[in-house]
$ cat coords_30.csv   # CSV, C-alpha atoms
chain,number,residue,atom,x,y,z
A,306,MET,CA,203.3,-23.6,193.7
A,307,PHE,CA,201.7,-24.6,190.4
A,308,GLN,CA,198.5,-22.6,191.1
A,309,LYS,CA,200.6,-19.6,192.3
A,310,SER,CA,202.6,-19.7,189.1
A,311,LEU,CA,199.5,-20.1,186.9
A,312,LYS,CA,197.8,-17.1,188.6
A,313,LYS,CA,200.9,-14.9,188.0
A,314,THR,CA,201.1,-16.1,184.4
A,315,ALA,CA,197.5,-15.2,183.8
A,316,ALA,CA,198.1,-11.8,185.3
A,317,THR,CA,201.1,-11.3,183.1
A,318,LEU,CA,199.2,-12.2,180.0
A,319,VAL,CA,196.3,-9.8,180.6
A,320,GLY,CA,196.1,-7.4,177.6
A,321,ILE,CA,198.2,-9.5,175.2
A,322,ALA,CA,196.3,-10.0,172.0
A,323,LEU,CA,195.5,-13.5,170.7
A,324,LEU,CA,197.1,-14.7,167.5
A,325,ALA,CA,195.1,-13.9,164.4
A,326,THR,CA,191.8,-15.7,164.3
A,327,GLY,CA,190.0,-17.1,161.3
A,328,LEU,CA,192.4,-20.1,161.3
A,329,SER,CA,190.2,-22.8,162.7
A,330,ALA,CA,189.9,-26.1,160.8
A,331,CYS,CA,187.4,-26.1,158.0
A,332,GLY,CA,184.8,-28.8,157.3
A,333,GLY,CA,183.1,-31.3,159.7
A,334,ASP,CA,184.8,-33.1,162.5
A,335,ASP,CA,185.0,-36.3,160.5
A,336,ALA,CA,186.7,-34.7,157.5
A,337,PRO,CA,188.5,-31.4,158.3
A,338,SER,CA,190.1,-29.7,155.3
A,339,SER,CA,192.9,-28.1,157.3
A,340,ILE,CA,194.8,-28.1,160.5
A,341,THR,CA,196.8,-25.2,162.0
A,342,ALA,CA,200.3,-25.5,163.4
A,343,VAL,CA,202.0,-22.7,165.4
A,344,VAL,CA,205.8,-23.0,165.2
A,345,LEU,CA,208.9,-21.0,166.0
A,346,SER,CA,210.1,-19.0,163.0
A,347,GLY,CA,213.7,-19.5,162.0
A,348,ALA,CA,216.1,-20.6,159.2
A,349,SER,CA,216.1,-24.2,160.4
A,350,TYR,CA,212.4,-24.5,160.7
A,351,ASP,CA,210.6,-22.4,158.1
A,352,GLY,CA,211.7,-24.5,155.1
A,353,CYS,CA,211.4,-27.7,157.0
A,354,PHE,CA,207.8,-27.2,157.9
A,355,ALA,CA,206.9,-25.9,154.4
A,356,ASP,CA,208.3,-29.1,152.9
A,357,ILE,CA,206.4,-31.3,155.4
A,358,ALA,CA,203.2,-29.4,155.1
A,359,ALA,CA,203.2,-30.0,151.4
A,360,ALA,CA,204.0,-33.7,151.8
A,361,PHE,CA,201.2,-34.0,154.4
A,362,GLU,CA,198.7,-32.5,152.1
A,363,ASP,CA,199.7,-34.8,149.3
A,364,GLU,CA,199.4,-37.8,151.6
A,365,HIS,CA,196.3,-36.9,153.6
A,366,GLY,CA,194.4,-34.4,151.5
A,367,VAL,CA,194.5,-32.0,154.4
A,368,GLU,CA,196.1,-28.5,154.3
A,369,VAL,CA,198.4,-27.6,157.1
A,370,GLU,CA,198.4,-23.9,157.8
A,371,VAL,CA,201.8,-23.1,159.4
A,372,LEU,CA,202.0,-20.0,161.5
A,373,ASN,CA,205.7,-19.0,162.0
A,374,VAL,CA,206.0,-16.9,165.1
A,375,GLY,CA,209.1,-15.2,166.5
A,376,PHE,CA,210.8,-16.4,169.7
A,377,ALA,CA,210.1,-13.2,171.7
A,378,MET,CA,206.3,-13.6,171.4
A,379,LEU,CA,205.7,-17.4,171.0
A,380,ARG,CA,205.4,-18.4,174.7
A,381,ASP,CA,203.0,-15.6,175.7
A,382,GLN,CA,200.9,-15.9,172.6
A,383,LEU,CA,200.5,-19.7,173.1
A,384,LEU,CA,199.7,-19.4,176.8
A,385,THR,CA,197.2,-16.7,176.2
A,386,SER,CA,195.4,-19.0,173.7
A,387,MET,CA,195.7,-22.1,175.9
A,388,ALA,CA,194.5,-20.4,179.1
A,389,GLY,CA,191.6,-18.9,177.1
A,390,GLY,CA,190.4,-22.3,176.0
A,391,THR,CA,190.3,-21.4,172.3
A,392,ASN,CA,190.5,-24.2,169.7
A,393,GLU,CA,192.3,-22.3,167.0
A,394,PHE,CA,195.5,-24.5,167.0
A,395,ASP,CA,196.0,-28.2,166.5
A,396,VAL,CA,199.8,-28.4,166.8
A,397,ILE,CA,202.0,-26.1,168.9
A,398,MET,CA,205.8,-25.9,169.2
A,399,ILE,CA,207.1,-25.4,172.7
A,400,ALA,CA,210.6,-25.1,174.3
A,401,TYR,CA,211.5,-28.0,176.6
A,402,GLN,CA,211.6,-25.6,179.6
A,403,TRP,CA,207.9,-24.8,179.1
A,404,THR,CA,206.8,-28.4,179.6
A,405,GLY,CA,205.6,-27.8,183.2
A,406,GLU,CA,203.7,-24.7,182.2
A,407,PHE,CA,201.9,-26.3,179.2
A,408,ALA,CA,201.3,-29.8,180.7
A,409,GLN,CA,197.8,-28.9,181.8
A,410,PHE,CA,196.8,-27.6,178.4
A,411,VAL,CA,197.9,-30.4,176.1
A,412,VAL,CA,197.0,-34.0,175.2
A,413,PRO,CA,199.4,-36.6,176.9
A,414,LEU,CA,201.2,-38.5,174.2
A,415,ASN,CA,202.5,-41.5,176.2
A,416,ASP,CA,200.6,-44.2,174.2
A,417,ARG,CA,201.1,-42.7,170.8
A,418,VAL,CA,204.9,-42.2,171.3
A,419,ALA,CA,205.2,-45.8,172.7
A,420,ALA,CA,203.6,-47.1,169.5
A,421,GLY,CA,205.5,-44.9,167.0
A,422,PRO,CA,209.0,-44.5,165.6
A,423,GLN,CA,209.7,-42.0,168.4
A,424,THR,CA,210.8,-44.9,170.6
A,425,GLY,CA,214.1,-44.6,168.6
A,426,ILE,CA,214.7,-41.0,169.7
A,427,VAL,CA,217.8,-40.6,171.9
A,428,PRO,CA,216.3,-41.4,175.3
A,429,GLY,CA,217.6,-38.3,177.2
A,430,ILE,CA,216.1,-36.1,174.5
A,431,LEU,CA,212.7,-37.7,174.8
A,432,GLY,CA,212.7,-37.3,178.6
A,433,MET,CA,213.2,-33.6,178.3
A,434,TYR,CA,209.5,-33.3,177.4
A,435,GLN,CA,208.1,-35.5,180.2
A,436,PHE,CA,206.4,-33.9,183.2
A,437,GLU,CA,204.8,-35.8,186.1
A,438,ASP,CA,204.8,-39.1,184.1
A,439,ASP,CA,203.2,-37.6,181.0
A,440,GLN,CA,204.9,-37.2,177.6
A,441,VAL,CA,203.9,-33.5,177.1
A,442,ALA,CA,205.5,-33.1,173.6
A,443,VAL,CA,207.6,-35.0,171.1
A,444,PRO,CA,211.1,-33.6,170.5
A,445,LEU,CA,211.8,-31.9,167.3
A,446,ILE,CA,215.4,-30.7,167.9
A,447,ALA,CA,218.0,-31.1,170.6
A,448,GLN,CA,221.1,-28.9,170.9
A,449,ALA,CA,223.1,-26.7,173.2
A,450,GLU,CA,224.7,-23.3,173.1
A,451,THR,CA,227.9,-23.9,171.1
A,452,LEU,CA,231.0,-21.8,170.5
A,453,PHE,CA,231.3,-20.8,166.9
A,454,TYR,CA,234.7,-19.5,166.1
A,455,ARG,CA,236.8,-18.2,163.2
A,456,ALA,CA,239.5,-20.9,162.9
A,457,ASP,CA,241.6,-18.7,160.6
A,458,LEU,CA,241.7,-15.7,163.0
A,459,LEU,CA,242.5,-17.7,166.1
A,460,GLU,CA,245.3,-19.4,164.2
A,461,ALA,CA,246.6,-16.1,162.8
A,462,ALA,CA,246.7,-14.6,166.3
A,463,GLY,CA,248.3,-17.7,167.8
A,464,PHE,CA,245.4,-18.8,170.0
A,465,ALA,CA,243.9,-22.2,170.6
A,466,VAL,CA,240.1,-22.6,170.9
A,467,PRO,CA,239.3,-21.4,174.5
A,468,THR,CA,238.2,-24.1,177.0
A,469,THR,CA,238.0,-21.7,180.0
A,470,TRP,CA,236.4,-18.3,180.5
A,471,ASP,CA,239.9,-16.8,181.3
A,472,GLU,CA,241.2,-18.0,177.9
A,473,PHE,CA,238.0,-16.5,176.3
A,474,ASP,CA,238.8,-13.2,178.0
A,475,ALA,CA,242.4,-13.2,176.8
A,476,ILE,CA,241.2,-13.6,173.2
A,477,ASN,CA,238.7,-10.8,173.6
A,478,GLU,CA,241.4,-8.5,175.1
A,479,PHE,CA,243.8,-9.3,172.2
A,480,PHE,CA,241.3,-8.4,169.5
A,481,THR,CA,239.9,-5.2,171.2
A,482,ASN,CA,241.1,-2.2,169.1
A,483,ASN,CA,243.9,-4.3,167.6
A,484,PRO,CA,245.3,-2.4,164.5
A,485,ASP,CA,246.4,-5.7,163.0
A,486,PHE,CA,242.7,-6.8,162.9
A,487,PRO,CA,240.8,-3.6,162.3
A,488,GLY,CA,237.1,-3.7,162.9
A,489,VAL,CA,237.2,-7.2,164.5
A,490,HIS,CA,235.7,-7.9,167.9
A,491,GLY,CA,236.7,-10.9,169.9
A,492,THR,CA,233.1,-11.8,170.6
A,493,SER,CA,229.5,-10.7,170.3
A,494,VAL,CA,226.9,-11.7,172.9
A,495,LYS,CA,223.1,-11.9,172.7
A,496,ALA,CA,222.2,-9.5,175.5
A,497,ALA,CA,218.7,-8.6,174.5
A,498,GLU,CA,216.3,-9.3,177.3
A,499,GLY,CA,215.0,-12.5,175.7
A,500,HIS,CA,218.5,-14.0,175.8
A,501,LEU,CA,219.9,-12.8,179.1
A,502,VAL,CA,219.1,-16.0,181.0
A,503,THR,CA,220.9,-18.1,178.4
A,504,ALA,CA,223.9,-15.8,178.5
A,505,PHE,CA,224.0,-16.0,182.3
A,506,ASN,CA,223.4,-19.8,182.4
A,507,ASN,CA,226.3,-20.4,180.0
A,508,ARG,CA,228.6,-18.8,182.5
A,509,TYR,CA,226.9,-20.0,185.7
A,510,PHE,CA,227.0,-23.7,184.5
A,511,GLY,CA,230.5,-23.3,183.0
A,512,LEU,CA,231.8,-21.9,186.3
A,513,GLY,CA,230.5,-24.9,188.2
A,514,GLY,CA,226.9,-24.0,189.0
A,515,GLY,CA,224.3,-26.8,189.2
A,516,ALA,CA,220.9,-27.1,187.4
A,517,LEU,CA,218.3,-24.6,188.6
A,518,GLY,CA,214.6,-25.3,189.2
A,519,GLU,CA,215.1,-29.0,189.8
A,520,PRO,CA,213.9,-30.6,193.1
A,521,GLY,CA,216.4,-29.8,195.9
A,522,SER,CA,218.4,-27.4,193.7
A,523,THR,CA,220.1,-24.4,195.2
A,524,PHE,CA,221.2,-21.0,193.8
A,525,ASP,CA,224.9,-20.4,194.4
A,526,VAL,CA,225.4,-16.7,195.0
A,527,ASP,CA,229.2,-16.8,194.7
A,528,ILE,CA,229.1,-18.6,191.3
A,529,ALA,CA,226.3,-16.3,190.1
A,530,THR,CA,228.4,-13.2,191.0
A,531,ALA,CA,231.3,-14.5,188.9
A,532,ALA,CA,229.0,-15.3,186.1
A,533,LEU,CA,227.4,-11.9,186.1
A,534,GLU,CA,230.8,-10.1,186.3
A,535,HIS,CA,231.9,-12.1,183.3
A,536,LEU,CA,228.7,-11.3,181.4
A,537,GLN,CA,229.3,-7.6,182.0
A,538,ARG,CA,232.8,-8.0,180.6
A,539,THR,CA,231.5,-9.8,177.5
A,540,VAL,CA,229.0,-7.1,176.8
A,541,ASN,CA,231.8,-4.5,176.9
A,542,PHE,CA,233.9,-6.6,174.5
A,543,SER,CA,231.0,-7.0,172.0
A,544,PRO,CA,230.1,-4.6,169.2
A,545,SER,CA,227.9,-1.6,170.2
A,546,GLY,CA,224.3,-2.4,170.7
A,547,ALA,CA,224.9,-5.6,172.6
A,548,LEU,CA,222.0,-5.0,175.0
A,549,GLN,CA,219.6,-5.1,172.0
A,550,ALA,CA,221.4,-7.9,170.2
A,551,ALA,CA,219.5,-11.1,169.5
A,552,PHE,CA,220.0,-14.0,167.0
A,553,PRO,CA,219.7,-11.9,163.8
A,554,GLU,CA,222.2,-9.2,164.9
A,555,VAL,CA,224.8,-11.6,166.3
A,556,SER,CA,224.5,-13.9,163.3
A,557,ALA,CA,225.0,-11.0,160.9
A,558,GLN,CA,228.0,-9.7,162.8
A,559,PHE,CA,229.7,-13.1,162.7
A,560,THR,CA,229.0,-13.9,159.1
A,561,ASP,CA,230.1,-10.5,157.8
A,562,GLY,CA,233.5,-11.0,159.5
A,563,ARG,CA,233.3,-8.7,162.5
A,564,VAL,CA,233.5,-11.3,165.3
A,565,VAL,CA,235.9,-14.0,166.2
A,566,MET,CA,233.8,-16.0,168.6
A,567,THR,CA,230.1,-16.2,169.6
A,568,GLU,CA,227.8,-18.4,171.7
A,569,MET,CA,224.9,-19.6,169.6
A,570,MET,CA,222.4,-22.4,169.2
A,571,PRO,CA,223.4,-24.5,166.1
A,572,ASN,CA,219.9,-24.5,164.6
A,573,THR,CA,220.2,-20.7,164.4
A,574,MET,CA,223.8,-20.4,163.4
A,575,VAL,CA,224.6,-23.3,161.0
A,576,PRO,CA,222.3,-22.1,158.2
A,577,HIS,CA,224.0,-18.7,158.3
A,578,VAL,CA,227.6,-19.9,158.2
A,579,LEU,CA,226.8,-22.3,155.4
A,580,SER,CA,224.8,-19.7,153.4
A,581,GLN,CA,225.8,-19.1,149.8
A,582,ASP,CA,224.7,-15.5,150.1
A,583,ASP,CA,227.4,-12.8,149.3
A,584,SER,CA,227.0,-11.4,152.8
A,585,ASN,CA,228.4,-14.6,154.3
A,586,THR,CA,232.2,-13.9,154.3
A,587,VAL,CA,233.1,-16.8,156.6
A,588,ARG,CA,232.0,-19.9,154.8
A,589,GLY,CA,234.7,-22.6,155.2
A,590,LEU,CA,236.5,-20.7,158.0
A,591,VAL,CA,234.3,-21.6,161.0
A,592,GLY,CA,234.7,-24.2,163.7
A,593,THR,CA,232.5,-25.4,166.5
A,594,ALA,CA,233.3,-26.5,170.1
A,595,PRO,CA,231.7,-26.6,173.5
A,596,ILE,CA,231.7,-23.1,175.1
A,597,PRO,CA,234.3,-22.4,177.8
A,598,GLY,CA,233.6,-24.6,180.9
A,599,GLY,CA,232.0,-27.2,178.7
A,600,ARG,CA,228.6,-26.9,180.3
A,601,ALA,CA,226.3,-24.7,178.3
A,602,GLU,CA,222.6,-24.2,178.4
A,603,ALA,CA,220.7,-27.0,176.6
A,604,GLY,CA,218.2,-26.1,173.9
A,605,GLY,CA,215.3,-28.0,172.6
A,606,TRP,CA,211.9,-27.7,170.9
A,607,GLY,CA,209.1,-30.1,170.8
A,608,LEU,CA,205.6,-30.5,169.3
A,609,ALA,CA,202.4,-30.9,171.3
A,610,ILE,CA,198.7,-31.1,170.7
A,611,PRO,CA,196.4,-28.6,172.6
A,612,ASP,CA,193.6,-30.4,174.4
A,613,THR,CA,191.1,-28.0,172.8
A,614,SER,CA,192.0,-29.2,169.3
A,615,ALA,CA,189.1,-30.7,167.4
A,616,ASN,CA,191.5,-32.6,165.1
A,617,SER,CA,193.9,-34.3,167.5
A,618,ASP,CA,194.2,-37.5,165.4
A,619,LEU,CA,195.3,-35.5,162.3
A,620,ALA,CA,197.5,-33.4,164.5
A,621,TRP,CA,199.2,-36.5,165.7
A,622,GLU,CA,199.7,-37.7,162.2
A,623,PHE,CA,201.4,-34.5,161.4
A,624,ILE,CA,203.7,-34.7,164.4
A,625,ASN,CA,204.4,-38.3,163.6
A,626,MET,CA,205.6,-37.3,160.1
A,627,VAL,CA,207.6,-34.3,161.3
A,628,THR,CA,209.4,-36.4,164.0
A,629,SER,CA,210.0,-39.5,161.8
A,630,PRO,CA,213.6,-40.6,161.1
A,631,ASP,CA,213.3,-39.8,157.4
A,632,TRP,CA,212.1,-36.2,157.9
A,633,ASP,CA,214.5,-35.7,160.8
A,634,LEU,CA,217.4,-36.4,158.4
A,635,HIS,CA,215.8,-34.4,155.6
A,636,CYS,CA,215.5,-31.2,157.8
A,637,PHE,CA,218.9,-31.8,159.4
A,638,ASN,CA,220.8,-32.2,156.2
A,639,LEU,CA,218.9,-29.5,154.2
A,640,TYR,CA,218.1,-26.8,156.7
A,641,GLY,CA,220.5,-27.4,159.7
A,642,LYS,CA,217.8,-28.6,162.1
A,643,THR,CA,219.8,-30.6,164.6
A,644,GLY,CA,218.6,-34.2,164.8
A,645,ILE,CA,216.8,-36.3,167.4
A,646,TYR,CA,217.9,-39.7,166.1
A,647,ALA,CA,221.4,-41.1,166.3
A,648,SER,CA,220.9,-42.3,162.7
A,649,SER,CA,220.5,-38.8,161.5
A,650,TYR,CA,224.0,-37.8,162.7
A,651,GLU,CA,225.5,-40.9,161.2
A,652,ALA,CA,224.0,-40.3,157.8
A,653,LEU,CA,224.9,-36.6,157.4
A,654,ASP,CA,227.1,-35.6,154.5
A,655,GLY,CA,228.3,-32.4,152.9
A,656,PRO,CA,229.6,-29.3,154.6
A,657,ILE,CA,227.2,-29.5,157.5
A,658,ALA,CA,228.9,-32.7,158.7
A,659,ASP,CA,232.0,-30.6,159.6
A,660,PHE,CA,230.1,-29.0,162.4
A,661,ILE,CA,228.8,-32.2,164.0
A,662,PRO,CA,231.7,-33.1,166.4
A,663,GLY,CA,231.6,-29.7,168.1
A,664,VAL,CA,227.8,-29.6,168.3
A,665,LEU,CA,227.6,-33.1,169.7
A,666,ALA,CA,230.3,-32.4,172.3
A,667,ALA,CA,228.4,-29.2,173.4
A,668,THR,CA,225.1,-31.1,173.6
A,669,GLU,CA,226.5,-34.0,175.6
A,670,GLY,CA,227.8,-31.6,178.3
A,671,SER,CA,224.8,-29.3,178.4
A,672,MET,CA,222.7,-28.3,181.4
A,673,PRO,CA,218.9,-27.8,181.4
A,674,ARG,CA,216.9,-24.7,182.2
A,675,PRO,CA,214.1,-25.0,184.8
A,676,ARG,CA,211.2,-27.1,183.4
A,677,GLY,CA,208.7,-27.1,186.2
A,678,ALA,CA,205.5,-25.2,186.7
A,679,ASP,CA,207.5,-22.2,188.1
A,680,ALA,CA,210.0,-22.2,185.3
A,681,GLY,CA,208.4,-19.1,183.7
A,682,GLU,CA,208.5,-17.2,187.0
A,683,ILE,CA,212.1,-18.1,187.6
A,684,SER,CA,213.1,-17.0,184.0
A,685,THR,CA,211.2,-13.7,184.3
A,686,MET,CA,212.8,-12.9,187.7
A,687,MET,CA,216.3,-13.7,186.4
A,688,THR,CA,215.8,-11.6,183.2
A,689,ASP,CA,214.6,-8.6,185.2
A,690,VAL,CA,217.6,-8.7,187.6
A,691,ILE,CA,220.2,-9.2,184.9
A,692,ALA,CA,218.7,-6.5,182.7
A,693,ARG,CA,218.8,-4.0,185.6
A,694,LEU,CA,222.4,-4.9,186.4
A,695,LEU,CA,223.5,-4.4,182.7
A,696,ALA,CA,221.6,-1.1,182.6
A,697,GLY,CA,223.4,0.2,185.6
A,698,GLN,CA,220.3,0.1,187.9
A,699,ILE,CA,221.9,-2.4,190.3
A,700,SER,CA,225.2,-1.3,191.9
A,701,ASP,CA,227.3,-4.4,191.2
A,702,ALA,CA,227.2,-8.1,190.3
A,703,ARG,CA,227.3,-9.2,193.9
A,704,ALA,CA,224.2,-7.2,194.8
A,705,ALA,CA,222.4,-8.6,191.7
A,706,ALA,CA,223.4,-12.2,192.6
A,707,GLU,CA,222.2,-11.8,196.1
A,708,GLU,CA,218.8,-10.5,194.9
A,709,MET,CA,218.5,-13.4,192.4
A,710,GLY,CA,219.3,-15.9,195.2
A,711,ARG,CA,216.7,-14.4,197.6
A,712,LEU,CA,214.0,-14.3,194.9
A,713,TYR,CA,214.9,-17.8,193.7
A,714,ASP,CA,214.4,-19.2,197.2
A,715,GLU,CA,211.0,-17.4,197.5
A,716,ILE,CA,209.8,-18.8,194.2
A,717,THR,CA,210.9,-22.4,194.8
A,718,SER,CA,210.0,-22.7,198.5

$ encode --input "coords_30.csv" --output "structure tokens"
Amino acid sequence: MFQKSLKKTAATLVGIALLATGLSACGGDDAPSSITAVVLSGASYDGCFADIAAAFEDEHGVEVEVLNVGFAMLRDQLLTSMAGGTNEFDVIMIAYQWTGEFAQFVVPLNDRVAAGPQTGIVPGILGMYQFEDDQVAVPLIAQAETLFYRADLLEAAGFAVPTTWDEFDAINEFFTNNPDFPGVHGTSVKAAEGHLVTAFNNRYFGLGGGALGEPGSTFDVDIATAALEHLQRTVNFSPSGALQAAFPEVSAQFTDGRVVMTEMMPNTMVPHVLSQDDSNTVRGLVGTAPIPGGRAEAGGWGLAIPDTSANSDLAWEFINMVTSPDWDLHCFNLYGKTGIYASSYEALDGPIADFIPGVLAATEGSMPRPRGADAGEISTMMTDVIARLLAGQISDARAAAEEMGRLYDEITS
């Protein structure tokens, strides 16, 4: 299965351009003057990595060139580079569900983690980046899809925070075209192709579906049908353009006051709802809770070292700094990067602390995406089927669920 997945991945990546070159480390092997880190771009990461890169240069005399890459392109760009054997990157940031795909391309970190402060990371978070007994990456963040809601609007309309998808629907129906709340939608969903699997998983897990892609796992067509039907309803309740909506669009719709509830990763949303910018009209009015059903998709990003890096020791020193307790707290408190140490949650202060109970509850009940070597193939298949359903190219949710179930069995057999 691993070789089959790798061949399909390679075929998928043909024609994708490599990231900009000219970024390799300068100087001799014994004393490089720079290292290069490729990381996800986002409000919770950009400032954090800028701060740490400056501190690292002060401490080690080595510049860290940080390449901030958008979510939609990051996986394919990294796999293209790794499969091509280039040595242009020293540190890469990967989602936990990519561990199986990237395991063959990175340096195992078992011994280094065992000797560092990372032994204090919450154990379940550390284990998300292990594959076939190797520590593929070190966690940078751990979180789950969380319900962000307007506490003032729910109270004004007489609703409690929804704990079931039926309650979620009732709120959406109430706010749809309601003259007492002009211009307000009950929800907004991220239904751009890069987010369809997450939107589906939130419902599939919340309606009782089990983890997918794990050994012995099965795809429940009945639950998948209900999840897809609900996703179709959620798209219809959302502002126009939902099928193209990603993090930026949904965040803006929520913070400018047009949306009552939305499912978002805290790292993405918290900086926006705490922003002092004039466009943020909801500061102080927002609450967090687990999404309906209480079993959302888990989220997480970690840092790894490509096995082609000529500067693996310095790369580890950088990862060691980024994932230390002090910097974990710094980036959590200042930029909203959710923490990997229990001590970071305990030490938080200021407005961000108000979001922690809901975020923690969501994380504790979360469910993982597939993480094995065929994870990318499963995700691509699910995205394709869901996108065709929402575009009206598949007759109904049942037909889409049956197609997903058949293809899932083929991939995992």

$ closest_residue --input "coords_30.csv" --among "A:Glu498, A:Asp457, A:Glu362, A:Asp525" --to "A:Arg703" --atoms "all atoms listed in the file"
A:Asp525

$ closest_residue --input "coords_30.csv" --among "A:Pro611, A:Pro597, A:Gly405, A:Gly366" --to "A:Tyr509" --atoms "only C-alpha atoms"
A:Pro597

$ closest_residue --input "coords_30.csv" --among "A:Gln448, A:Thr492, A:Asn572, A:Thr503" --to "A:Arg538" --atoms "only C-alpha atoms"
A:Thr492

$ atom_distance --input "coords_30.csv" --atom1 "atom CA of A:Thr469" --atom2 "atom CA of A:Ala497"
24.0 Å

$ atom_distance --input "coords_30.csv" --atom1 "atom CA of A:Phe376" --atom2 "atom CA of A:Thr593"
23.7 Å

$ atom_distance --input "coords_30.csv" --atom1 "atom CA of A:Leu579" --atom2 "atom CA of A:Thr628"
24.0 Å

$ closest_atom_pairs --input "coords_30.csv" --of "stretch 639-666 of chain A" --to "stretch 346-353 of chain A" --cutoff "10 Å" --atoms "only C-alpha atoms" --output "tab-separated table"
residue	atom	partner	partner_atom	distance
A:Leu639	CA	A:Cys353	CA	8.2
A:Tyr640	CA	A:Ser349	CA	4.9
A:Gly641	CA	A:Ser349	CA	5.5
A:Lys642	CA	A:Ser349	CA	5.0
A:Thr643	CA	A:Ser349	CA	8.5

$ residues_around --input "coords_30.csv" --residues "A:Gly518" --least-positions-apart "2" --cutoff "9 Å" --atoms "all atoms listed in the file" --output "list in words"
Ala516, Pro520, Gly521, Ser522, Thr523, Arg674, Pro675, Arg676, Gly677, Asp679, Ala680, Ile683, Tyr713 and Thr717 of chain A

$ closest_residue --input "coords_30.csv" --among "A:Ile716, A:Val664, A:Leu414, A:Ala388" --to "A:Ile624" --atoms "all atoms listed in the file"
A:Leu414

$ closest_residue --input "coords_30.csv" --among "A:Asp582, A:Glu622, A:Asp471, A:Glu368" --to "A:Arg417" --atoms "only C-alpha atoms"
A:Glu622

$ residues_around --input "coords_30.csv" --residues "A:Trp632" --least-positions-apart "2" --cutoff "10 Å" --atoms "all atoms listed in the file" --output "list of chain:residue names"
A:Cys353, A:Phe354, A:Asp356, A:Ile357, A:Asn625, A:Met626, A:Val627, A:Thr628, A:Ser629, A:Pro630, A:Leu634, A:His635, A:Cys636, A:Phe637, A:Asn638, A:Gly644, A:Ser649

$ write_last_selection --input "coords_30.csv" --atoms "C-alpha atoms" --output "compact mmCIF listing (two decimals), in the coordinates of the input"
# COMPACT_ATOMS: atom_id res chain seq x y z
CA CYS A 353 211.40 -27.70 157.00
CA PHE A 354 207.80 -27.20 157.90
CA ASP A 356 208.30 -29.10 152.90
CA ILE A 357 206.40 -31.30 155.40
CA ASN A 625 204.40 -38.30 163.60
CA MET A 626 205.60 -37.30 160.10
CA VAL A 627 207.60 -34.30 161.30
CA THR A 628 209.40 -36.40 164.00
CA SER A 629 210.00 -39.50 161.80
CA PRO A 630 213.60 -40.60 161.10
CA LEU A 634 217.40 -36.40 158.40
CA HIS A 635 215.80 -34.40 155.60
CA CYS A 636 215.50 -31.20 157.80
CA PHE A 637 218.90 -31.80 159.40
CA ASN A 638 220.80 -32.20 156.20
CA GLY A 644 218.60 -34.20 164.80
CA SER A 649 220.50 -38.80 161.50

$ closest_atom_pairs --input "coords_30.csv" --of "stretch 405-498 of chain A" --to "stretch 550-569 of chain A" --cutoff "10 Å" --atoms "all atoms listed in the file" --output "Markdown table"
| residue | atom | partner | partner_atom | distance |
| --- | --- | --- | --- | --- |
| A:Ala449 | CA | A:Met569 | CA | 8.2 |
| A:Glu450 | CA | A:Met569 | CA | 5.1 |
| A:Thr451 | CA | A:Met569 | CA | 5.5 |
| A:Leu452 | CA | A:Glu568 | CA | 4.8 |
| A:Phe453 | CA | A:Thr567 | CA | 5.5 |
| A:Tyr454 | CA | A:Met566 | CA | 4.4 |
| A:Arg455 | CA | A:Val565 | CA | 5.2 |
| A:Ala456 | CA | A:Val565 | CA | 8.5 |
| A:Asp457 | CA | A:Val565 | CA | 9.3 |
| A:Leu458 | CA | A:Val565 | CA | 6.8 |
| A:Leu459 | CA | A:Val565 | CA | 7.6 |
| A:Val466 | CA | A:Met566 | CA | 9.4 |
| A:Pro467 | CA | A:Met566 | CA | 9.7 |
| A:Phe473 | CA | A:Met566 | CA | 8.8 |
| A:Ile476 | CA | A:Val565 | CA | 8.8 |
| A:Asn477 | CA | A:Val565 | CA | 8.5 |
| A:Phe480 | CA | A:Val565 | CA | 8.5 |
| A:Phe486 | CA | A:Arg563 | CA | 9.6 |
| A:Pro487 | CA | A:Arg563 | CA | 9.1 |
| A:Gly488 | CA | A:Arg563 | CA | 6.3 |
| A:Val489 | CA | A:Arg563 | CA | 4.6 |
| A:His490 | CA | A:Val564 | CA | 4.8 |
| A:Gly491 | CA | A:Val565 | CA | 4.9 |
| A:Thr492 | CA | A:Met566 | CA | 4.7 |
| A:Ser493 | CA | A:Thr567 | CA | 5.6 |
| A:Val494 | CA | A:Thr567 | CA | 6.4 |
| A:Lys495 | CA | A:Ala551 | CA | 4.9 |
| A:Ala496 | CA | A:Ala550 | CA | 5.6 |
| A:Ala497 | CA | A:Ala550 | CA | 5.1 |
| A:Glu498 | CA | A:Ala551 | CA | 8.6 |

$ closest_residue --input "coords_30.csv" --among "A:Gly681, A:Ala696, A:Met686, A:Asp618" --to "A:Glu715" --atoms "only C-alpha atoms"
A:Met686
